[in-house]
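Printed here is data.txt (compact mmCIF, C-alpha atoms):
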# COMPACT_ATOMS: atom_id res chain seq x y z
CA MET H 1 2.31 43.97 1.10
CA SER H 2 1.83 40.37 -0.01
CA GLN H 3 -0.03 37.91 2.07
CA THR H 4 0.59 34.22 2.29
CA PRO H 5 -2.58 32.14 2.15
CA ARG H 6 -3.29 30.17 5.23
CA THR H 7 -2.94 26.45 5.02
CA SER H 8 -5.15 23.91 6.59
CA SER H 9 -4.22 22.24 9.83
CA PRO H 10 -3.56 18.51 9.89
CA GLY H 11 -7.02 17.97 11.27
CA GLY H 12 -8.58 19.86 8.37
CA SER H 13 -10.60 23.05 8.17
CA ALA H 14 -14.40 23.20 8.14
CA ARG H 15 -14.32 23.42 4.34
CA ALA H 16 -12.03 20.38 4.18
CA TRP H 17 -14.45 18.38 6.33
CA ARG H 18 -17.37 19.46 4.16
CA ASP H 19 -15.57 18.49 0.94
CA ALA H 20 -14.52 15.18 2.48
CA LEU H 21 -18.08 14.43 3.55
CA VAL H 22 -19.34 15.09 0.02
CA ALA H 23 -16.66 12.81 -1.45
CA VAL H 24 -17.39 9.95 0.97
CA ILE H 25 -21.17 10.16 0.59
CA ALA H 26 -20.92 10.31 -3.20
CA GLY H 27 -18.53 7.35 -3.29
CA PHE H 28 -20.66 5.13 -1.08
CA VAL H 29 -23.90 6.10 -2.83
CA VAL H 30 -22.46 5.21 -6.24
CA MET H 31 -21.07 1.91 -4.93
CA THR H 32 -24.40 1.07 -3.30
CA VAL H 33 -26.35 1.77 -6.50
CA VAL H 34 -23.98 -0.28 -8.65
CA ALA H 35 -23.90 -3.16 -6.17
CA ALA H 36 -27.68 -3.21 -5.78
CA ALA H 37 -28.22 -3.16 -9.54
CA GLY H 38 -25.73 -5.96 -10.07
CA LEU H 39 -27.25 -8.11 -7.35
CA MET H 40 -30.74 -7.53 -8.71
CA CYS H 41 -29.57 -8.71 -12.13
CA ALA H 42 -27.98 -11.73 -10.44
CA GLY H 43 -31.34 -12.66 -8.88
CA ALA H 44 -30.58 -11.65 -5.30
CA GLY H 45 -33.65 -9.43 -5.09
CA GLY H 46 -35.74 -12.38 -3.93
CA LEU H 47 -33.63 -13.27 -0.91
CA PRO H 48 -35.78 -14.17 2.12
CA ASP H 49 -36.09 -12.37 5.44
CA GLY H 50 -35.12 -8.98 4.07
CA ALA H 51 -31.55 -10.09 3.48
CA PHE H 52 -31.02 -8.07 0.30
CA PRO H 53 -29.81 -4.84 2.01
CA HIS H 54 -27.36 -6.89 4.08
CA VAL H 55 -25.92 -8.51 0.95
CA VAL H 56 -25.63 -5.10 -0.74
CA ALA H 57 -23.78 -3.79 2.31
CA ALA H 58 -21.44 -6.80 2.20
CA VAL H 59 -20.63 -6.20 -1.48
CA VAL H 60 -20.00 -2.49 -0.87
CA MET H 61 -17.83 -3.30 2.11
CA MET H 62 -15.72 -5.79 0.15
CA ALA H 63 -15.44 -3.32 -2.74
CA ALA H 64 -14.11 -0.68 -0.33
CA GLY H 65 -11.41 -2.94 1.05
CA GLY H 66 -13.42 -4.83 3.65
CA SER H 67 -13.02 -8.43 4.71
CA LEU H 68 -15.88 -10.92 5.06
CA GLU H 69 -16.10 -13.97 7.32
CA VAL H 70 -18.29 -16.78 5.98
CA SER H 71 -19.51 -19.57 8.25
CA GLY H 72 -21.72 -22.60 7.85
CA GLY H 73 -23.52 -25.14 10.00
CA ALA H 74 -26.17 -27.83 10.08
CA GLY H 75 -26.97 -28.35 13.72
CA SER H 76 -25.61 -31.51 15.29
CA LEU H 77 -26.18 -33.55 12.16
CA ALA H 78 -23.59 -32.10 9.84
CA GLY H 79 -20.80 -29.62 9.58
CA ALA H 80 -20.34 -26.94 6.94
CA ASP H 81 -17.25 -25.05 5.89
CA ALA H 82 -17.35 -21.88 3.79
CA THR H 83 -14.87 -19.20 2.74
CA LEU H 84 -15.19 -16.25 0.36
CA SER H 85 -12.51 -13.79 -0.71
CA VAL H 86 -13.23 -11.80 -3.85
CA VAL H 87 -13.26 -8.09 -4.65
CA PRO H 88 -16.18 -6.88 -6.84
CA LEU H 89 -13.98 -4.57 -8.87
CA SER H 90 -16.83 -2.96 -10.84
CA VAL H 91 -18.17 -1.58 -7.57
CA SER H 92 -14.66 -0.64 -6.44
CA LEU H 93 -13.91 1.19 -9.68
CA ALA H 94 -17.16 3.15 -9.56
CA GLY H 95 -16.48 4.23 -5.98
CA ALA H 96 -12.84 5.06 -6.69
CA LEU H 97 -13.61 7.26 -9.70
CA THR H 98 -16.35 9.11 -7.83
CA THR H 99 -14.43 9.63 -4.60
CA GLY H 100 -11.24 10.58 -6.43
CA TYR H 101 -13.09 13.16 -8.52
CA PHE H 102 -14.64 14.87 -5.50
CA PHE H 103 -11.33 14.76 -3.63
CA LEU H 104 -9.46 16.49 -6.47
CA ARG H 105 -12.17 18.97 -7.41
CA PRO H 106 -11.40 21.58 -4.69
CA LEU H 107 -7.68 21.35 -5.49
CA HIS H 108 -7.88 22.20 -9.20
CA ASN H 109 -6.79 25.82 -8.84
CA ARG H 110 -3.00 25.83 -8.63
CA ALA H 111 0.09 23.74 -9.28
CA VAL H 112 1.69 23.78 -5.83
CA ALA H 113 0.27 22.99 -2.40
CA ARG H 114 1.97 22.67 0.93
CA PRO H 115 2.13 19.20 2.46
CA ARG H 116 0.20 20.50 5.48
CA GLU H 117 -2.71 21.46 3.26
CA LEU H 118 -2.83 18.12 1.45
CA ILE H 119 -2.73 16.33 4.79
CA GLY H 120 -5.48 18.60 6.07
CA ARG H 121 -7.63 17.54 3.12
CA ALA H 122 -6.76 13.84 3.29
CA VAL H 123 -7.21 13.25 7.02
CA PRO H 124 -10.94 14.16 7.19
CA LEU H 125 -11.66 12.08 4.11
CA VAL H 126 -9.84 9.05 5.51
CA LEU H 127 -11.60 9.31 8.88
CA LEU H 128 -15.04 9.71 7.33
CA TRP H 129 -14.33 6.87 4.90
CA LEU H 130 -13.46 4.52 7.76
CA ALA H 131 -16.58 5.62 9.64
CA ALA H 132 -18.79 4.86 6.63
CA LEU H 133 -17.00 1.54 6.14
CA THR H 134 -17.67 0.67 9.78
CA GLY H 135 -21.37 1.35 9.27
CA ALA H 136 -21.44 -0.89 6.22
CA ALA H 137 -19.60 -3.59 8.18
CA PHE H 138 -22.22 -3.63 10.94
CA LEU H 139 -24.98 -3.97 8.33
CA ALA H 140 -23.16 -6.71 6.40
CA ARG H 141 -24.38 -9.82 8.21
CA ALA H 142 -26.99 -12.43 7.32
CA THR H 143 -27.65 -16.19 7.38
CA PHE H 144 -29.17 -18.31 4.60
CA GLY H 145 -30.51 -21.83 4.37
CA ILE H 146 -29.03 -24.18 1.74
CA SER H 147 -31.43 -26.34 -0.22
CA VAL H 148 -30.56 -30.06 -0.09
CA ASP H 149 -33.64 -31.40 -1.88
CA ASP H 150 -31.59 -33.16 -4.55
CA SER H 151 -29.01 -34.46 -2.10
CA PRO H 152 -28.98 -37.95 -0.60
CA ILE H 153 -29.27 -36.46 2.85
CA GLY H 154 -32.18 -34.16 1.96
CA THR H 155 -34.76 -36.41 3.60
CA ILE H 156 -32.62 -36.89 6.72
CA THR H 157 -32.06 -33.19 7.25
CA GLU H 158 -35.77 -32.54 6.80
CA LEU H 159 -36.72 -35.16 9.40
CA LEU H 160 -34.18 -33.90 11.91
CA ASP H 161 -34.83 -30.24 11.14
CA SER H 162 -31.13 -29.61 10.61
CA ALA H 163 -30.94 -28.04 7.18
CA PRO H 164 -27.48 -26.62 6.42
CA THR H 165 -27.03 -22.88 6.58
CA VAL H 166 -24.35 -20.44 5.53
CA GLY H 167 -23.90 -16.96 6.94
CA PHE H 168 -21.55 -14.04 6.68
CA ARG H 169 -20.42 -11.10 8.75
CA ALA H 170 -17.68 -8.50 8.54
CA ASP H 171 -14.28 -8.98 10.08
CA LEU H 172 -14.12 -5.46 11.50
CA PRO H 173 -10.38 -5.19 12.39
CA ALA H 174 -9.32 -6.52 8.98
CA THR H 175 -11.94 -4.37 7.28
CA LEU H 176 -10.61 -1.18 8.86
CA LEU H 177 -7.00 -2.10 8.11
CA TYR H 178 -7.58 -2.99 4.45
CA GLY H 179 -10.04 -0.13 4.09
CA LEU H 180 -7.37 2.29 5.32
CA LEU H 181 -4.89 0.95 2.77
CA TRP H 182 -7.58 1.16 0.08
CA ILE H 183 -8.44 4.82 0.64
CA LEU H 184 -4.81 5.89 1.10
CA GLY H 185 -3.91 4.13 -2.14
CA LEU H 186 -6.80 5.83 -3.91
CA LEU H 187 -5.75 9.31 -2.76
CA LEU H 188 -2.14 8.67 -3.79
CA ILE H 189 -3.17 7.42 -7.23
CA ALA H 190 -5.53 10.38 -7.69
CA LEU H 191 -2.68 12.81 -7.04
CA LEU H 192 -0.37 10.87 -9.36
CA VAL H 193 -2.65 10.70 -12.41
CA SER H 194 -4.26 14.14 -12.33
CA ARG H 195 -2.44 16.87 -14.28
CA ARG H 196 -4.23 19.67 -12.43
CA ALA H 197 -3.83 18.41 -8.86
CA PRO H 198 -1.23 20.37 -6.86
CA LEU H 199 1.85 18.78 -5.37
CA PRO H 200 4.29 19.91 -2.68
CA ALA H 201 6.99 22.16 -4.11
CA ARG H 202 9.71 19.54 -3.62
CA LEU H 203 7.76 17.04 -5.76
CA VAL H 204 6.80 19.37 -8.61
CA ARG H 205 9.97 18.47 -10.51
CA PHE H 206 8.72 14.87 -10.72
CA HIS H 207 5.40 16.01 -12.19
CA SER H 208 6.43 15.77 -15.84
CA ALA H 209 8.27 12.48 -15.35
CA LEU H 210 5.76 10.45 -13.33
CA ARG H 211 2.31 11.72 -14.17
CA PRO H 212 2.26 11.00 -17.94
CA ALA H 213 3.10 7.32 -17.37
CA ALA H 214 0.66 7.02 -14.45
CA PHE H 215 -2.13 8.70 -16.42
CA ALA H 216 -1.53 6.58 -19.53
CA THR H 217 -1.55 3.38 -17.45
CA MET H 218 -4.83 4.40 -15.83
CA LEU H 219 -6.35 4.98 -19.27
CA LEU H 220 -5.11 1.55 -20.36
CA LEU H 221 -6.99 -0.10 -17.49
CA LEU H 222 -10.12 1.93 -18.23
CA ALA H 223 -9.85 1.09 -21.94
CA TYR H 224 -9.95 -2.62 -21.08
CA VAL H 225 -13.07 -2.03 -18.98
CA VAL H 226 -14.76 -0.18 -21.87
CA LEU H 227 -13.83 -3.02 -24.25
CA GLY H 228 -15.24 -5.47 -21.71
CA ILE H 229 -18.53 -3.58 -21.62
CA GLY H 230 -18.69 -3.74 -25.42
CA VAL H 231 -18.01 -7.48 -25.42
CA GLY H 232 -20.62 -7.98 -22.70
CA VAL H 233 -23.26 -6.09 -24.68
CA VAL H 234 -22.52 -8.17 -27.79
CA VAL H 235 -22.68 -11.41 -25.80
CA ALA H 236 -25.98 -10.41 -24.20
CA ALA H 237 -27.46 -9.50 -27.58
CA THR H 238 -26.28 -12.61 -29.44
CA GLN H 239 -26.22 -15.37 -26.83
CA GLY H 240 -28.94 -14.35 -24.38
CA HIS H 241 -28.59 -14.42 -20.59
CA ALA H 242 -28.83 -10.63 -20.51
CA ASP H 243 -29.44 -10.55 -16.74
CA ARG H 244 -26.39 -12.67 -15.95
CA THR H 245 -24.22 -10.64 -18.30
CA ALA H 246 -25.43 -7.39 -16.73
CA ALA H 247 -24.63 -8.80 -13.28
CA VAL H 248 -21.07 -9.57 -14.36
CA ILE H 249 -20.66 -6.09 -15.85
CA LEU H 250 -21.99 -4.38 -12.72
CA LEU H 251 -20.14 -6.52 -10.20
CA GLY H 252 -16.97 -8.01 -11.64
CA LEU H 253 -16.15 -6.75 -15.12
CA PRO H 254 -12.66 -5.41 -14.26
CA ASN H 255 -11.90 -8.78 -12.64
CA LEU H 256 -12.19 -10.32 -16.11
CA ALA H 257 -11.01 -7.38 -18.23
CA TRP H 258 -7.77 -6.87 -16.30
CA LEU H 259 -7.23 -10.63 -16.22
CA ALA H 260 -7.37 -10.47 -20.03
CA LEU H 261 -4.75 -7.70 -19.99
CA THR H 262 -2.31 -9.75 -17.92
CA LEU H 263 -2.87 -12.84 -20.07
CA GLY H 264 -2.39 -10.76 -23.22
CA PHE H 265 1.15 -9.74 -22.34
CA GLY H 266 2.12 -13.26 -21.26
CA GLY H 267 1.09 -13.40 -17.60
CA ALA H 268 -0.33 -16.54 -16.00
CA TRP H 269 -2.78 -17.50 -13.26
CA GLN H 270 -3.42 -20.76 -11.46
CA GLY H 271 -6.68 -22.09 -10.11
CA ARG H 272 -9.45 -24.64 -10.27
CA VAL H 273 -13.23 -24.90 -10.26
CA GLU H 274 -14.95 -27.85 -8.59
CA GLY H 275 -18.58 -28.68 -7.91
CA PRO H 276 -21.86 -27.41 -9.28
CA PHE H 277 -21.36 -23.90 -7.96
CA GLY H 278 -19.06 -21.31 -9.45
CA LEU H 279 -18.50 -17.66 -9.97
CA PRO H 280 -19.72 -16.03 -13.18
CA MET H 281 -16.94 -16.37 -15.73
CA PRO H 282 -16.57 -17.03 -19.45
CA GLN H 283 -17.18 -20.62 -20.45
CA LEU H 284 -13.69 -20.84 -21.92
CA LEU H 285 -12.10 -19.94 -18.58
CA ASP H 286 -14.37 -22.38 -16.74
CA GLU H 287 -13.32 -25.21 -19.08
CA VAL H 288 -9.64 -24.59 -18.39
CA LEU H 289 -10.11 -24.38 -14.62
CA ARG H 290 -12.64 -27.20 -14.21
CA GLY H 291 -11.15 -30.17 -12.39
CA SER H 292 -9.78 -31.33 -9.06
CA ASP H 293 -6.17 -30.36 -9.82
CA PRO H 294 -4.93 -26.77 -10.15
CA SER H 295 -4.61 -25.63 -13.75
CA THR H 296 -2.46 -22.91 -15.27
CA VAL H 297 -4.35 -20.22 -17.14
CA ASP H 298 -2.42 -18.44 -19.87
CA VAL H 299 -3.01 -17.67 -23.53
CA ALA H 300 -1.63 -21.04 -24.59
CA SER H 301 -3.98 -23.05 -22.33
CA LEU H 302 -6.95 -20.94 -23.43
CA ALA H 303 -5.99 -21.36 -27.09
CA GLU H 304 -6.08 -25.15 -26.68
CA GLN H 305 -9.80 -24.77 -26.10
CA ASP H 306 -10.40 -21.87 -28.51
CA SER H 307 -7.78 -20.48 -30.90
CA ARG H 308 -9.42 -17.03 -30.74
CA ALA H 309 -7.68 -16.57 -27.40
CA TRP H 310 -4.58 -15.43 -29.33
CA TRP H 311 -6.43 -12.20 -30.03
CA LEU H 312 -5.71 -11.28 -26.41
CA VAL H 313 -2.05 -10.86 -27.40
CA VAL H 314 -2.95 -8.65 -30.37
CA VAL H 315 -5.23 -6.43 -28.31
CA ALA H 316 -2.64 -6.10 -25.56
CA ALA H 317 0.12 -5.21 -28.03
CA VAL H 318 -1.97 -2.51 -29.76
CA LEU H 319 -3.25 -0.92 -26.56
CA LEU H 320 0.14 -1.02 -24.85
CA LEU H 321 1.76 0.67 -27.83
CA GLY H 322 -0.96 3.32 -27.73
CA THR H 323 -0.27 3.73 -24.03
CA GLY H 324 3.40 4.33 -24.74
CA VAL H 325 2.60 6.94 -27.39
CA LEU H 326 0.16 8.73 -25.08
CA ALA H 327 2.67 8.83 -22.23
CA ALA H 328 5.34 10.23 -24.55
CA VAL H 329 3.05 12.88 -26.05
CA ARG H 330 2.13 14.14 -22.59
CA SER H 331 5.77 14.26 -21.45
CA PRO H 332 8.24 17.12 -21.95
CA ALA H 333 10.30 17.00 -25.12
CA HIS H 334 13.57 16.62 -23.21
CA VAL H 335 12.60 13.21 -21.75
CA ARG H 336 14.61 10.54 -23.54
CA ALA H 337 13.31 7.26 -24.94
CA TRP H 338 15.02 5.15 -22.30
CA GLN H 339 13.43 7.32 -19.60
CA HIS H 340 10.00 6.76 -21.13
CA ALA H 341 10.73 3.04 -21.08
CA LEU H 342 11.67 3.17 -17.41
CA HIS H 343 8.69 5.27 -16.36
CA LEU H 344 6.07 3.23 -18.21
CA GLY H 345 7.68 -0.08 -17.25
CA VAL H 346 7.51 0.77 -13.56
CA ALA H 347 3.96 2.16 -13.89
CA LEU H 348 2.67 -0.97 -15.66
CA ALA H 349 4.47 -3.27 -13.22
CA LEU H 350 2.84 -1.53 -10.24
CA ALA H 351 -0.56 -1.61 -11.94
CA THR H 352 -0.11 -5.31 -12.68
CA LEU H 353 0.82 -5.98 -9.07
CA ALA H 354 -2.37 -4.23 -7.94
CA VAL H 355 -4.44 -6.23 -10.43
CA CYS H 356 -2.88 -9.48 -9.21
CA LEU H 357 -3.58 -8.70 -5.56
CA LEU H 358 -7.13 -7.46 -6.15
CA GLY H 359 -8.10 -10.09 -8.74
CA ARG H 360 -7.47 -13.15 -6.56
CA ILE H 361 -10.49 -15.37 -5.89
CA GLN H 362 -11.01 -17.85 -3.07
CA ALA H 363 -14.49 -19.32 -2.66
CA GLN H 364 -15.38 -22.63 -1.03
CA PHE H 365 -18.40 -24.38 0.43
CA GLY H 366 -18.41 -27.89 1.80
CA LEU H 367 -20.97 -29.96 3.71
CA SER H 368 -20.04 -33.11 5.63
CA LEU H 369 -22.47 -35.53 7.29
CA VAL H 370 -21.43 -36.90 10.66
CA GLY H 371 -20.22 -40.49 10.22
CA ILE H 372 -20.29 -40.30 6.40
CA GLY H 373 -17.96 -37.52 5.36
CA ASP H 374 -18.25 -34.96 2.60
CA VAL H 375 -21.52 -34.94 0.70
CA ASP H 376 -21.21 -35.13 -3.06
CA GLY H 377 -23.12 -32.44 -4.91
CA LEU H 378 -22.98 -29.88 -2.13
CA GLY H 379 -19.27 -29.09 -2.17
CA ALA H 380 -17.80 -26.39 -4.37
CA GLN H 381 -14.48 -24.64 -4.71
CA VAL H 382 -13.28 -21.79 -6.90
CA GLU H 383 -9.67 -20.65 -6.79
CA LEU H 384 -7.78 -18.20 -8.97
CA ASP H 385 -4.34 -16.85 -8.00
CA PRO H 386 -1.71 -15.08 -10.08
CA VAL H 387 1.70 -16.45 -10.91
CA LEU H 388 2.99 -13.26 -9.38
CA TRP H 389 6.62 -12.93 -10.45
CA ARG H 390 5.98 -14.03 -14.02
CA THR H 391 3.01 -11.69 -14.46
CA VAL H 392 4.54 -8.62 -12.79
CA GLY H 393 7.91 -9.21 -14.47
CA LEU H 394 6.34 -9.38 -17.92
CA GLY H 395 4.31 -6.27 -17.09
CA LEU H 396 7.58 -4.45 -16.39
CA LEU H 397 9.11 -5.74 -19.63
CA TRP H 398 6.12 -4.95 -21.83
CA GLY H 399 5.76 -1.51 -20.26
CA ALA H 400 9.41 -0.74 -20.95
CA VAL H 401 9.14 -1.88 -24.59
CA ALA H 402 5.90 0.07 -25.09
CA GLY H 403 7.42 3.16 -23.50
CA PHE H 404 10.52 3.02 -25.72
CA LEU H 405 8.61 2.40 -28.96
CA GLY H 406 5.96 4.95 -27.98
CA ALA H 407 8.66 7.59 -27.49
CA LEU H 408 10.03 6.93 -30.99
CA LEU H 409 6.58 7.05 -32.60
CA ALA H 410 5.61 10.20 -30.71
CA ARG H 411 8.51 12.32 -31.93
CA PRO H 412 6.70 13.69 -35.01
CA LEU H 413 3.49 14.07 -33.01
CA ARG H 414 4.81 15.99 -30.03
CA ARG H 415 4.28 19.74 -29.96
CA ARG H 416 7.72 20.65 -28.74
CA GLY H 417 7.70 23.42 -26.17
CA ARG H 418 4.07 22.94 -25.21
CA VAL H 419 4.91 21.35 -21.87
CA ASP H 420 8.19 23.12 -21.28
CA GLU H 421 6.96 26.56 -22.35
CA PRO H 422 7.70 29.08 -19.60
CA SER H 423 4.81 30.56 -17.73
CA ALA H 424 3.52 34.07 -18.35
CA ALA H 425 5.08 35.28 -15.11
CA THR H 426 8.48 33.99 -16.21
CA ARG H 427 8.19 35.64 -19.65
CA ALA H 428 7.23 38.95 -18.07
CA ALA H 429 10.18 38.99 -15.67
CA PRO H 430 12.99 41.40 -16.60
CA ARG H 431 16.11 39.83 -18.02

Final structure tokens representation of the file:
Amino acid sequence: MSQTPRTSSPGGSARAWRDALVAVIAGFVVMTVVAAAGLMCAGAGGLPDGAFPHVVAAVVMMAAGGSLEVSGGAGSLAGADATLSVVPLSVSLAGALTTGYFFLRPLHNRAVARPRELIGRAVPLVLLWLAALTGAAFLARATFGISVDDSPIGTITELLDSAPTVGFRADLPATLLYGLLWILGLLLIALLVSRRAPLPARLVRFHSALRPAAFATMLLLLAYVVLGIGVGVVVAATQGHADRTAAVILLGLPNLAWLALTLGFGGAWQGRVEGPFGLPMPQLLDEVLRGSDPSTVDVASLAEQDSRAWWLVVVAAVLLLGTGVLAAVRSPAHVRAWQHALHLGVALALATLAVCLLGRIQAQFGLSLVGIGDVDGLGAQVELDPVLWRTVGLGLLWGAVAGFLGALLARPLRRRGRVDEPSAATRAAPR
């Protein structure tokens, strides 16, 4: 008499809660280590009043989908305005890979799972993730003084004991909302890209069509990160500033690497950099963005400053073609070239949309003296936003072209029958 294995309830079994706890702890530990190392390299280890753990918590919170409120003040003498919206994608990527791995690990034993079981595994992880994010949000608050020694009002603020300050704290409702979207997106992507993760029976037929393109697109993004690490190591070895380069690698490397991907296939961004402050970025990008008016960042504008920027197009073309070949090789032999084009085009367009939404930067600090106005030398603004429809549209087009050409190139490479070969149980069944 056969027995049907019990499935987990929507609330999750004790084992599901244990596995979820391991995944959440591992994800937050890895993010904390990466964030702390990056901030130490950036020179934040010497922050006064024990503020370093609070800054680490803020970085981890933003990396996990949290939202930060920045405020400023200078007593009754002056007013300060500050905003900050940036995702440290190196920390996000480290946490996503770790949490996704531990989420999928208990599921790597079969091809099919009931929806009730997957929900029973996802619900505990989501709840524990939001609880950990809430803890990080309560820790993520601090206030700093801003030095005005070189400013015309430095002497005045010293006499009146009204030095400007800037502080931050978590926006808890927004943090929980965006954090929920972040973890749900991560779990969905993990199930899409993993070949060994089970799916509900009704979705198994989409396995061979969707997963190869999703997996190949994920490898494309990771390949750009690996190339970025290599470039960073070379820059640190040849041009110095090893600490600053390490800080960029540990905090925001995907922000730059995936920006290079979108620029390579013809995408564009708009932004500007004003004032003495700024976010760590290549000098070439800073030169294009520097000024009071918004500037368009694409390969052409970068090439006006340095003709080597055209190599971004070459790298994108080669890696996208390799992505198309990989997706085709991992797909069943019966999938046609136009279907490969459709699958990879949609996958790259969705990945580009995610990069555009996560790679946006808004940072501003301004100090104004009562009766005088804004103080020169203490105002700064950094903006970087995607030209969304152009960038996502070209991602769709390039993905479709790469998928079609990759399918043609993969024909002599594909081991026909490997994917579509019937299982042992099917072969053993009487005919």

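Proximity to H:Leu284 was assessed for H:Arg272, H:Leu302, H:Arg336, H:Leu344 counting all atoms listed in the file; the smallest distance is recorded for H:Leu302.
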
For this session: For H:Leu128, please output as an MDAnalysis selection string all residues within 10 Å (counting only C-alpha atoms; exclusion window: fewer than 6 positions along the same chain).
Result: chainID H and resid 17 20:21 23:25 134

For this session: Could you please determine the separation between atom CA of H:Ile229 and atom CA of H:Ala63 in Å, to one decimal place?
Result: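 Atom CA of H:Ile229 sits 19.1 Å away from atom CA of H:Ala63.
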
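Using all atoms listed in the file, the shortest contact distance between H:Ala137 and any of H:Pro386, H:Gly291, H:Gly395, H:Gly179 is found at H:Gly179.
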
Exercise. In Å, with one decimal, what is the gap from atom CA of H:Leu408 to atom CA of H:Ala328?
Worked result: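 Between these atoms lies a distance of 8.6 Å.
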
Exercise. Using only C-alpha atoms, which residue out of H:Leu227, H:Ala214, H:Val273, H:Leu259 lies closest to H:Val355?
Worked result: H:Leu259

For this session: Could you check how far atom CA of H:Leu127 sits from atom CA of H:Thr217, in Å to one decimal?
Result: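 So the two atoms, atom CA of H:Leu127 and atom CA of H:Thr217, lie 28.8 Å apart.
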
Problem set entry | Distance criterion (only C-alpha atoms): nearest to H:Ala216 out of H:Ser301, H:Ser331, H:Gln339, H:Gln364 |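 That would be H:Ser331, the residue with the smallest distance to H:Ala216.
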
For this session: Go through H:Leu358, H:Val329, H:Ala407, H:Val55 one by one, measure the shortest atom-to-atom distance of each to H:Val86 using only C-alpha atoms, and give the residue with the smallest value.
Result: H:Leu358

Problem set entry | Counting only C-alpha atoms, the residue of H:Leu39, H:Ala268, H:Ala347, H:Val33 that sits nearest H:Phe215 | H:Ala347

For this session: Please determine the residues with any atom at most 8 Å from (-11.7, 18.9, 4.3) (coordinates as given in the file, with all atoms listed in the file counting) and report them as a ChimeraX atom specification.
Result: /H:12-21,120-125

Problem set entry | Protein and nucleic acid residues near (-22.7, -11.1, -14.4) (cut-off 12 Å, all atoms listed in the file) as number ranges by chain | H: 35, 37-43, 88, 90, 228-229, 232-233, 235-236, 241-256, 278-282

For this session: Show which residues sit within 12 Å of H:Leu357, as a ChimeraX atom specification. Count only C-alpha atoms, and ignore same-chain residues fewer than 6 positions away.
Result: /H:65,85-87,89,255,258-259,269,350-351,384-388,391-392

Problem set entry | Selection: 9 Å around H:Ala170, all atoms listed in the file, excl. self and same-chain fewer than 3 positions, as a PyMOL selection string | chain H and resi 58+61+66-70+136-141+173-175

Export of the given selection (C-alpha atoms) as a compact mmCIF listing (two decimals), keeping the file's coordinate frame:
# COMPACT_ATOMS: atom_id res chain seq x y z
CA ALA H 58 -21.44 -6.80 2.20
CA MET H 61 -17.83 -3.30 2.11
CA GLY H 66 -13.42 -4.83 3.65
CA SER H 67 -13.02 -8.43 4.71
CA LEU H 68 -15.88 -10.92 5.06
CA GLU H 69 -16.10 -13.97 7.32
CA VAL H 70 -18.29 -16.78 5.98
CA ALA H 136 -21.44 -0.89 6.22
CA ALA H 137 -19.60 -3.59 8.18
CA PHE H 138 -22.22 -3.63 10.94
CA LEU H 139 -24.98 -3.97 8.33
CA ALA H 140 -23.16 -6.71 6.40
CA ARG H 141 -24.38 -9.82 8.21
CA PRO H 173 -10.38 -5.19 12.39
CA ALA H 174 -9.32 -6.52 8.98
CA THR H 175 -11.94 -4.37 7.28
